[in-house]
file model-v8.cif (mmCIF, C-alpha atoms)
data_input
loop_
_atom_site.group_PDB
_atom_site.id
_atom_site.type_symbol
_atom_site.label_atom_id
_atom_site.label_comp_id
_atom_site.auth_asym_id
_atom_site.auth_seq_id
_atom_site.Cartn_x
_atom_site.Cartn_y
_atom_site.Cartn_z
ATOM 1 C CA MET A 1182 82.034 23.266 247.199
ATOM 2 C CA ALA A 1183 82.165 20.727 249.995
ATOM 3 C CA THR A 1184 81.627 17.092 249.164
ATOM 4 C CA THR A 1185 79.700 14.786 251.445
ATOM 5 C CA ARG A 1186 81.891 11.861 252.433
ATOM 6 C CA CYS A 1187 80.960 8.628 254.140
ATOM 7 C CA ALA A 1188 84.614 7.673 254.715
ATOM 8 C CA PRO A 1189 87.895 9.596 254.340
ATOM 9 C CA ASP A 1190 88.600 8.485 250.760
ATOM 10 C CA ARG A 1191 85.111 7.520 249.546
ATOM 11 C CA ARG A 1192 82.563 9.767 247.889
ATOM 12 C CA LEU A 1193 78.914 9.166 248.643
ATOM 13 C CA LEU A 1194 77.612 10.085 245.174
ATOM 14 C CA ALA A 1195 80.468 9.349 242.773
ATOM 15 C CA THR A 1196 83.636 7.295 242.683
ATOM 16 C CA ASP A 1197 85.464 9.696 240.356
ATOM 17 C CA PRO A 1198 85.861 13.300 241.608
ATOM 18 C CA ASP A 1199 85.645 14.630 238.039
ATOM 19 C CA ARG A 1200 82.199 13.027 237.612
ATOM 20 C CA HIS A 1201 80.690 14.352 240.849
ATOM 21 C CA HIS A 1202 78.491 16.967 239.161
ATOM 22 C CA GLU A 1203 78.182 15.246 235.796
ATOM 23 C CA LEU A 1204 74.419 14.636 235.971
ATOM 24 C CA GLY A 1205 73.701 18.314 236.627
ATOM 25 C CA THR A 1206 76.004 19.380 233.796
ATOM 26 C CA HIS A 1207 74.430 16.878 231.414
ATOM 27 C CA ALA A 1208 70.939 18.021 232.374
ATOM 28 C CA ALA A 1209 71.827 21.698 231.939
ATOM 29 C CA TRP A 1210 73.323 21.235 228.460
ATOM 30 C CA TYR A 1211 70.436 18.957 227.502
ATOM 31 C CA VAL A 1212 67.943 21.677 228.448
ATOM 32 C CA VAL A 1213 69.890 24.316 226.482
ATOM 33 C CA ALA A 1214 69.978 22.092 223.389
ATOM 34 C CA GLY A 1215 66.330 21.153 223.880
ATOM 35 C CA VAL A 1216 65.169 24.752 224.066
ATOM 36 C CA VAL A 1217 67.107 25.683 220.918
ATOM 37 C CA THR A 1218 66.042 22.589 218.981
ATOM 38 C CA THR A 1219 62.411 22.776 220.059
ATOM 39 C CA GLY A 1220 62.322 26.465 219.155
ATOM 40 C CA LEU A 1221 63.786 25.691 215.750
ATOM 41 C CA GLN A 1222 61.254 22.889 215.267
ATOM 42 C CA ALA A 1223 58.415 25.268 216.157
ATOM 43 C CA VAL A 1224 59.655 27.906 213.690
ATOM 44 C CA LEU A 1225 60.065 25.322 210.922
ATOM 45 C CA PHE A 1226 56.619 23.910 211.683
ATOM 46 C CA LEU A 1227 55.012 27.356 211.512
ATOM 47 C CA LEU A 1228 56.820 28.177 208.254
ATOM 48 C CA LEU A 1229 55.903 24.878 206.570
ATOM 49 C CA ARG A 1230 52.411 24.242 208.006
ATOM 50 C CA ASP A 1231 50.357 26.236 205.518
ATOM 51 C CA GLU A 1232 52.288 24.858 202.552
ATOM 52 C CA LEU A 1233 52.549 21.187 203.573
ATOM 53 C CA GLY A 1234 49.854 20.656 206.194
ATOM 54 C CA SER A 1235 50.461 20.106 209.887
ATOM 55 C CA GLN A 1236 51.394 16.409 209.782
ATOM 56 C CA VAL A 1237 54.010 16.728 207.027
ATOM 57 C CA ALA A 1238 55.364 20.009 208.408
ATOM 58 C CA ASN A 1239 55.880 18.305 211.764
ATOM 59 C CA LEU A 1240 57.748 15.387 210.147
ATOM 60 C CA VAL A 1241 60.012 17.696 208.138
ATOM 61 C CA ALA A 1242 60.784 19.840 211.191
ATOM 62 C CA ILE A 1243 61.671 16.750 213.227
ATOM 63 C CA ALA A 1244 63.814 15.291 210.449
ATOM 64 C CA LEU A 1245 65.786 18.511 210.055
ATOM 65 C CA THR A 1246 66.539 18.930 213.756
ATOM 66 C CA THR A 1247 67.025 15.397 215.147
ATOM 67 C CA VAL A 1248 70.479 14.651 213.729
ATOM 68 C CA GLY A 1249 71.888 18.060 214.656
ATOM 69 C CA ASN A 1250 70.499 17.762 218.166
ATOM 70 C CA THR A 1251 72.083 14.342 218.713
ATOM 71 C CA GLU A 1252 75.410 15.578 217.329
ATOM 72 C CA PHE A 1253 75.300 18.515 219.765
ATOM 73 C CA HIS A 1254 74.743 16.081 222.615
ATOM 74 C CA ARG A 1255 77.675 13.956 221.434
ATOM 75 C CA ARG A 1256 80.064 16.898 221.181
ATOM 76 C CA VAL A 1257 78.890 19.073 224.099
ATOM 77 C CA THR A 1258 76.378 17.549 226.514
ATOM 78 C CA PHE A 1259 78.102 14.181 226.850
ATOM 79 C CA ALA A 1260 81.589 15.272 225.707
ATOM 80 C CA GLY A 1261 84.254 12.935 226.975
ATOM 81 C CA ARG A 1262 81.951 9.946 227.129
ATOM 82 C CA ARG A 1263 82.526 7.375 224.465
ATOM 83 C CA SER A 1264 79.619 6.083 222.459
ATOM 84 C CA ASN A 1265 79.147 3.553 219.759
ATOM 85 C CA ALA A 1266 78.379 5.123 216.358
ATOM 86 C CA GLY A 1267 75.788 2.432 215.721
ATOM 87 C CA LYS A 1268 73.988 3.320 218.957
ATOM 88 C CA ARG A 1269 74.001 7.015 217.996
ATOM 89 C CA HIS A 1270 72.533 6.284 214.560
ATOM 90 C CA LEU A 1271 69.953 3.916 216.023
ATOM 91 C CA GLN A 1272 69.088 6.578 218.593
ATOM 92 C CA ASP A 1273 68.639 9.133 215.783
ATOM 93 C CA LEU A 1274 66.302 6.754 213.975
ATOM 94 C CA LEU A 1275 64.362 5.867 217.120
ATOM 95 C CA THR A 1276 64.120 9.536 218.139
ATOM 96 C CA PHE A 1277 62.733 10.470 214.746
ATOM 97 C CA ALA A 1278 60.290 7.534 214.798
ATOM 98 C CA PHE A 1279 59.181 8.334 218.352
ATOM 99 C CA TYR A 1280 58.635 12.052 217.775
ATOM 100 C CA ALA A 1281 57.062 11.448 214.353
ATOM 101 C CA GLY A 1282 54.545 8.972 215.729
ATOM 102 C CA TYR A 1283 54.029 10.846 218.972
ATOM 103 C CA GLY A 1284 53.655 14.233 217.256
ATOM 104 C CA SER A 1285 51.303 12.814 214.634
ATOM 105 C CA ALA A 1286 49.137 11.246 217.326
ATOM 106 C CA VAL A 1287 49.079 14.465 219.349
ATOM 107 C CA LEU A 1288 48.051 16.467 216.272
ATOM 108 C CA ALA A 1289 45.362 13.907 215.407
ATOM 109 C CA ILE A 1290 43.961 14.046 218.964
ATOM 110 C CA LEU A 1291 43.982 17.855 218.902
ATOM 111 C CA ASP A 1292 42.200 17.787 215.538
ATOM 112 C CA ALA A 1293 39.565 15.428 216.985
ATOM 113 C CA ILE A 1294 39.019 17.649 220.040
ATOM 114 C CA VAL A 1295 39.259 21.111 218.474
ATOM 115 C CA ASP A 1296 37.416 22.005 215.289
ATOM 116 C CA ARG A 1297 40.014 23.593 212.970
ATOM 117 C CA PRO A 1298 42.879 24.179 215.416
ATOM 118 C CA THR A 1299 44.986 27.250 214.692
ATOM 119 C CA SER A 1300 48.666 27.014 213.872
ATOM 120 C CA TRP A 1301 49.444 28.401 217.330
ATOM 121 C CA GLU A 1302 47.286 25.746 219.026
ATOM 122 C CA GLU A 1303 49.035 23.034 217.046
ATOM 123 C CA THR A 1304 52.459 24.505 217.769
ATOM 124 C CA GLY A 1305 51.728 24.803 221.492
ATOM 125 C CA THR A 1306 50.477 21.227 221.601
ATOM 126 C CA LEU A 1307 53.612 19.989 219.833
ATOM 127 C CA LEU A 1308 55.825 22.004 222.199
ATOM 128 C CA LEU A 1309 54.133 20.477 225.233
ATOM 129 C CA ALA A 1310 54.427 16.990 223.737
ATOM 130 C CA SER A 1311 58.102 17.652 223.005
ATOM 131 C CA LEU A 1312 58.708 18.597 226.633
ATOM 132 C CA VAL A 1313 57.263 15.304 227.845
ATOM 133 C CA GLY A 1314 59.193 13.305 225.230
ATOM 134 C CA GLY A 1315 62.378 15.155 226.137
ATOM 135 C CA PHE A 1316 62.488 13.593 229.599
ATOM 136 C CA VAL A 1317 62.412 10.125 228.049
ATOM 137 C CA ARG A 1318 65.087 11.039 225.513
ATOM 138 C CA PHE A 1319 67.430 12.409 228.195
ATOM 139 C CA ALA A 1320 67.255 9.103 230.058
ATOM 140 C CA VAL A 1321 67.950 7.148 226.860
ATOM 141 C CA LEU A 1322 70.903 9.373 225.929
ATOM 142 C CA ARG A 1323 72.468 9.411 229.380
ATOM 143 C CA TRP A 1324 72.041 5.792 230.382
ATOM 144 C CA TRP A 1325 72.193 3.976 227.040
ATOM 145 C CA VAL A 1326 73.711 5.931 224.126
ATOM 146 C CA PHE A 1327 76.333 7.763 226.210
ATOM 147 C CA ALA A 1328 76.400 5.320 229.118
ATOM 148 C CA HIS A 1329 79.327 5.547 231.517
ATOM 149 C CA GLN A 1330 81.922 2.953 230.548
ATOM 150 C CA THR A 1331 83.216 0.997 233.511
ATOM 151 C CA GLU A 1332 86.794 -0.141 233.654
ATOM 152 C CA PRO A 1333 87.261 -3.837 232.735
ATOM 153 C CA ALA A 1334 88.590 -4.662 236.208
ATOM 154 C CA ALA A 1335 85.615 -2.977 237.901
ATOM 155 C CA ALA A 1336 83.189 -4.722 235.575
ATOM 156 C CA ALA A 1337 84.733 -8.092 236.428
ATOM 157 C CA HIS A 1338 84.135 -7.451 240.150
ATOM 158 C CA THR A 1339 80.431 -6.650 239.611
ATOM 159 C CA SER A 1340 79.694 -9.687 237.426
#
call {"tool": "encode", "arguments": {"input": "model-v8.cif", "output": "C-alpha cells"}}
result
Amino acid sequence: MATTRCAPDRRLLATDPDRHHELGTHAAWYVVAGVVTTGLQAVLFLLLRDELGSQVANLVAIALTTVGNTEFHRRVTFAGRRSNAGKRHLQDLLTFAFYAGYGSAVLAILDAIVDRPTSWEETGTLLLASLVGGFVRFAVLRWWVFAHQTEPAAAAHTS
C-alpha cells in the first residue's frame, strides 16, 4: 500500500513505519474483543437475571468479563506496547465502576419508563449502553493505559 509522504524521508501520519496502521489494527481488535465480551455479558445477564434480579445480574456479568477483556487487550489489541501494571489494575477498577454505575442507571431509567421491562428489553438496553461506553473505553485504553511511549531523547525535545 502506498504511503502519503510530505518529504522524501518523512511520513505524514506516523514517524515509525511499523506504527503506520496501528490505530486501525487497535480498533479492529478492540471491536472483536468488544463483540465477544458484550455477547458473553448478555448471556450471563440473561442466565442470572431471573435468579438474582437485573441489577445484581448486570454487576456479576460485568465483574466476570472486565478483567478478561482488559487482559485480552494487553496481550492482543495493544501487544507490543508497554503498560504500567498499576494503570491496568486501576483501569479494570474504573471500567467496572463505570459500567456498574452506568448499567445500573440505564436499567433504572428503563424501569421508570417501561412498566415491567422484559429480559430482552433490559438486555438490549444494556447492549446499547455498552456500545456507547465502549467508545470511551477505547480512548482510555489507547491513549492512557497503553499510551505510546516516546523515546527519552524525543521527549526532551518536546518539553
call {"tool": "atom_distance", "arguments": {"input": "model-v8.cif", "atom1": "CA of Ala1278 (chain A)", "atom2": "CA of Ala1244 (chain A)"}}
result
9.6 Å
call {"tool": "atom_distance", "arguments": {"input": "model-v8.cif", "atom1": "CA of Thr1258 (chain A)", "atom2": "CA of Tyr1211 (chain A)"}}
result
6.2 Å
call {"tool": "closest_residue", "arguments": {"input": "model-v8.cif", "among": "A:Leu1291, A:Thr1219, A:Gly1234, A:Leu1274", "to": "Val1313 (chain A)", "atoms": "all atoms listed in the file"}}
result
A:Thr1219
call {"tool": "atom_distance", "arguments": {"input": "model-v8.cif", "atom1": "CA of Ala1260 (chain A)", "atom2": "CA of Phe1279 (chain A)"}}
result
24.6 Å
call {"tool": "closest_residue", "arguments": {"input": "model-v8.cif", "among": "A:Thr1218, A:Thr1206, A:Thr1246, A:Ser1235", "to": "Glu1302 (chain A)", "atoms": "only C-alpha atoms"}}
result
A:Ser1235
call {"tool": "axis_aligned_box", "arguments": {"input": "model-v8.cif", "around": "region 1275-1282 of chain A", "padding_each_side": "8 Å", "output": "JSON"}}
result
{"center_x": 59.5, "center_y": 9.0, "center_z": 216.4, "size_x": 25.8, "size_y": 22.2, "size_z": 20.0}
call {"tool": "decode", "arguments": {"input": "model-v8.cif", "residues": "region 1280-1294 of chain A", "atoms": "all heavy atoms", "output": "mmCIF file, in the first residue's frame"}}
result
data_model
loop_
_atom_site.group_PDB
_atom_site.id
_atom_site.type_symbol
_atom_site.label_atom_id
_atom_site.label_comp_id
_atom_site.auth_asym_id
_atom_site.auth_seq_id
_atom_site.Cartn_x
_atom_site.Cartn_y
_atom_site.Cartn_z
ATOM 1 N N TYR A 1280 -19.060 0.910 34.233
ATOM 2 C CA TYR A 1280 -20.133 0.087 33.669
ATOM 3 C C TYR A 1280 -21.164 -0.313 34.721
ATOM 4 O O TYR A 1280 -22.344 -0.444 34.402
ATOM 5 C CB TYR A 1280 -19.577 -1.141 32.952
ATOM 6 C CG TYR A 1280 -19.070 -0.830 31.571
ATOM 7 C CD1 TYR A 1280 -17.727 -0.908 31.268
ATOM 8 C CD2 TYR A 1280 -19.943 -0.443 30.563
ATOM 9 C CE1 TYR A 1280 -17.264 -0.611 29.997
ATOM 10 C CE2 TYR A 1280 -19.485 -0.139 29.293
ATOM 11 C CZ TYR A 1280 -18.147 -0.224 29.018
ATOM 12 O OH TYR A 1280 -17.696 0.075 27.758
ATOM 13 N N ALA A 1281 -20.733 -0.500 35.961
ATOM 14 C CA ALA A 1281 -21.684 -0.838 37.030
ATOM 15 C C ALA A 1281 -22.641 0.329 37.266
ATOM 16 O O ALA A 1281 -23.862 0.154 37.298
ATOM 17 C CB ALA A 1281 -20.938 -1.201 38.304
ATOM 18 N N GLY A 1282 -22.082 1.514 37.426
ATOM 19 C CA GLY A 1282 -22.925 2.688 37.649
ATOM 20 C C GLY A 1282 -23.766 3.041 36.435
ATOM 21 O O GLY A 1282 -24.966 3.313 36.537
ATOM 22 N N TYR A 1283 -23.134 3.007 35.287
ATOM 23 C CA TYR A 1283 -23.796 3.336 34.028
ATOM 24 C C TYR A 1283 -24.909 2.334 33.728
ATOM 25 O O TYR A 1283 -26.045 2.715 33.424
ATOM 26 C CB TYR A 1283 -22.725 3.335 32.941
ATOM 27 C CG TYR A 1283 -23.141 3.703 31.551
ATOM 28 C CD1 TYR A 1283 -23.863 4.853 31.273
ATOM 29 C CD2 TYR A 1283 -22.752 2.904 30.480
ATOM 30 C CE1 TYR A 1283 -24.192 5.194 29.976
ATOM 31 C CE2 TYR A 1283 -23.074 3.240 29.178
ATOM 32 C CZ TYR A 1283 -23.801 4.387 28.932
ATOM 33 O OH TYR A 1283 -24.127 4.723 27.648
ATOM 34 N N GLY A 1284 -24.596 1.038 33.848
ATOM 35 C CA GLY A 1284 -25.592 -0.001 33.594
ATOM 36 C C GLY A 1284 -26.745 0.054 34.577
ATOM 37 O O GLY A 1284 -27.909 -0.116 34.209
ATOM 38 N N SER A 1285 -26.426 0.304 35.846
ATOM 39 C CA SER A 1285 -27.473 0.414 36.866
ATOM 40 C C SER A 1285 -28.392 1.592 36.580
ATOM 41 O O SER A 1285 -29.613 1.486 36.703
ATOM 42 C CB SER A 1285 -26.845 0.551 38.256
ATOM 43 O OG SER A 1285 -26.147 -0.619 38.589
ATOM 44 N N ALA A 1286 -27.801 2.711 36.179
ATOM 45 C CA ALA A 1286 -28.608 3.890 35.854
ATOM 46 C C ALA A 1286 -29.490 3.635 34.633
ATOM 47 O O ALA A 1286 -30.676 3.994 34.632
ATOM 48 C CB ALA A 1286 -27.698 5.091 35.608
ATOM 49 N N VAL A 1287 -28.927 2.998 33.632
ATOM 50 C CA VAL A 1287 -29.687 2.687 32.412
ATOM 51 C C VAL A 1287 -30.858 1.763 32.738
ATOM 52 O O VAL A 1287 -31.982 1.971 32.261
ATOM 53 C CB VAL A 1287 -28.758 2.077 31.340
ATOM 54 C CG1 VAL A 1287 -29.537 1.416 30.234
ATOM 55 C CG2 VAL A 1287 -27.825 3.138 30.787
ATOM 56 N N LEU A 1288 -30.607 0.751 33.564
ATOM 57 C CA LEU A 1288 -31.692 -0.164 33.957
ATOM 58 C C LEU A 1288 -32.753 0.560 34.787
ATOM 59 O O LEU A 1288 -33.950 0.308 34.624
ATOM 60 C CB LEU A 1288 -31.132 -1.356 34.728
ATOM 61 C CG LEU A 1288 -30.362 -2.379 33.906
ATOM 62 C CD1 LEU A 1288 -29.693 -3.404 34.823
ATOM 63 C CD2 LEU A 1288 -31.262 -3.073 32.892
ATOM 64 N N ALA A 1289 -32.323 1.451 35.667
ATOM 65 C CA ALA A 1289 -33.278 2.214 36.480
ATOM 66 C C ALA A 1289 -34.136 3.129 35.608
ATOM 67 O O ALA A 1289 -35.351 3.248 35.815
ATOM 68 C CB ALA A 1289 -32.545 3.025 37.539
ATOM 69 N N ILE A 1290 -33.522 3.773 34.619
ATOM 70 C CA ILE A 1290 -34.273 4.643 33.698
ATOM 71 C C ILE A 1290 -35.261 3.818 32.882
ATOM 72 O O ILE A 1290 -36.422 4.201 32.723
ATOM 73 C CB ILE A 1290 -33.311 5.437 32.795
ATOM 74 C CG1 ILE A 1290 -32.548 6.463 33.624
ATOM 75 C CG2 ILE A 1290 -34.057 6.095 31.644
ATOM 76 C CD1 ILE A 1290 -31.374 7.105 32.905
ATOM 77 N N LEU A 1291 -34.807 2.668 32.378
ATOM 78 C CA LEU A 1291 -35.707 1.790 31.619
ATOM 79 C C LEU A 1291 -36.885 1.358 32.488
ATOM 80 O O LEU A 1291 -38.040 1.374 32.045
ATOM 81 C CB LEU A 1291 -34.960 0.558 31.101
ATOM 82 C CG LEU A 1291 -35.811 -0.460 30.344
ATOM 83 C CD1 LEU A 1291 -36.332 0.133 29.035
ATOM 84 C CD2 LEU A 1291 -35.022 -1.733 30.090
ATOM 85 N N ASP A 1292 -36.599 1.012 33.735
ATOM 86 C CA ASP A 1292 -37.648 0.579 34.662
ATOM 87 C C ASP A 1292 -38.643 1.714 34.938
ATOM 88 O O ASP A 1292 -39.837 1.467 35.126
ATOM 89 C CB ASP A 1292 -37.015 0.087 35.965
ATOM 90 C CG ASP A 1292 -37.971 -0.746 36.789
ATOM 91 O OD1 ASP A 1292 -38.710 -1.570 36.206
ATOM 92 O OD2 ASP A 1292 -37.978 -0.575 38.029
ATOM 93 N N ALA A 1293 -38.159 2.952 34.946
ATOM 94 C CA ALA A 1293 -39.036 4.102 35.176
ATOM 95 C C ALA A 1293 -39.901 4.407 33.945
ATOM 96 O O ALA A 1293 -41.024 4.891 34.071
ATOM 97 C CB ALA A 1293 -38.211 5.335 35.545
ATOM 98 N N ILE A 1294 -39.373 4.095 32.764
ATOM 99 C CA ILE A 1294 -40.084 4.399 31.518
ATOM 100 C C ILE A 1294 -41.025 3.273 31.108
ATOM 101 O O ILE A 1294 -42.136 3.513 30.647
ATOM 102 C CB ILE A 1294 -39.076 4.678 30.380
ATOM 103 C CG1 ILE A 1294 -38.290 5.947 30.693
ATOM 104 C CG2 ILE A 1294 -39.762 4.798 29.038
ATOM 105 C CD1 ILE A 1294 -37.124 6.194 29.750
#
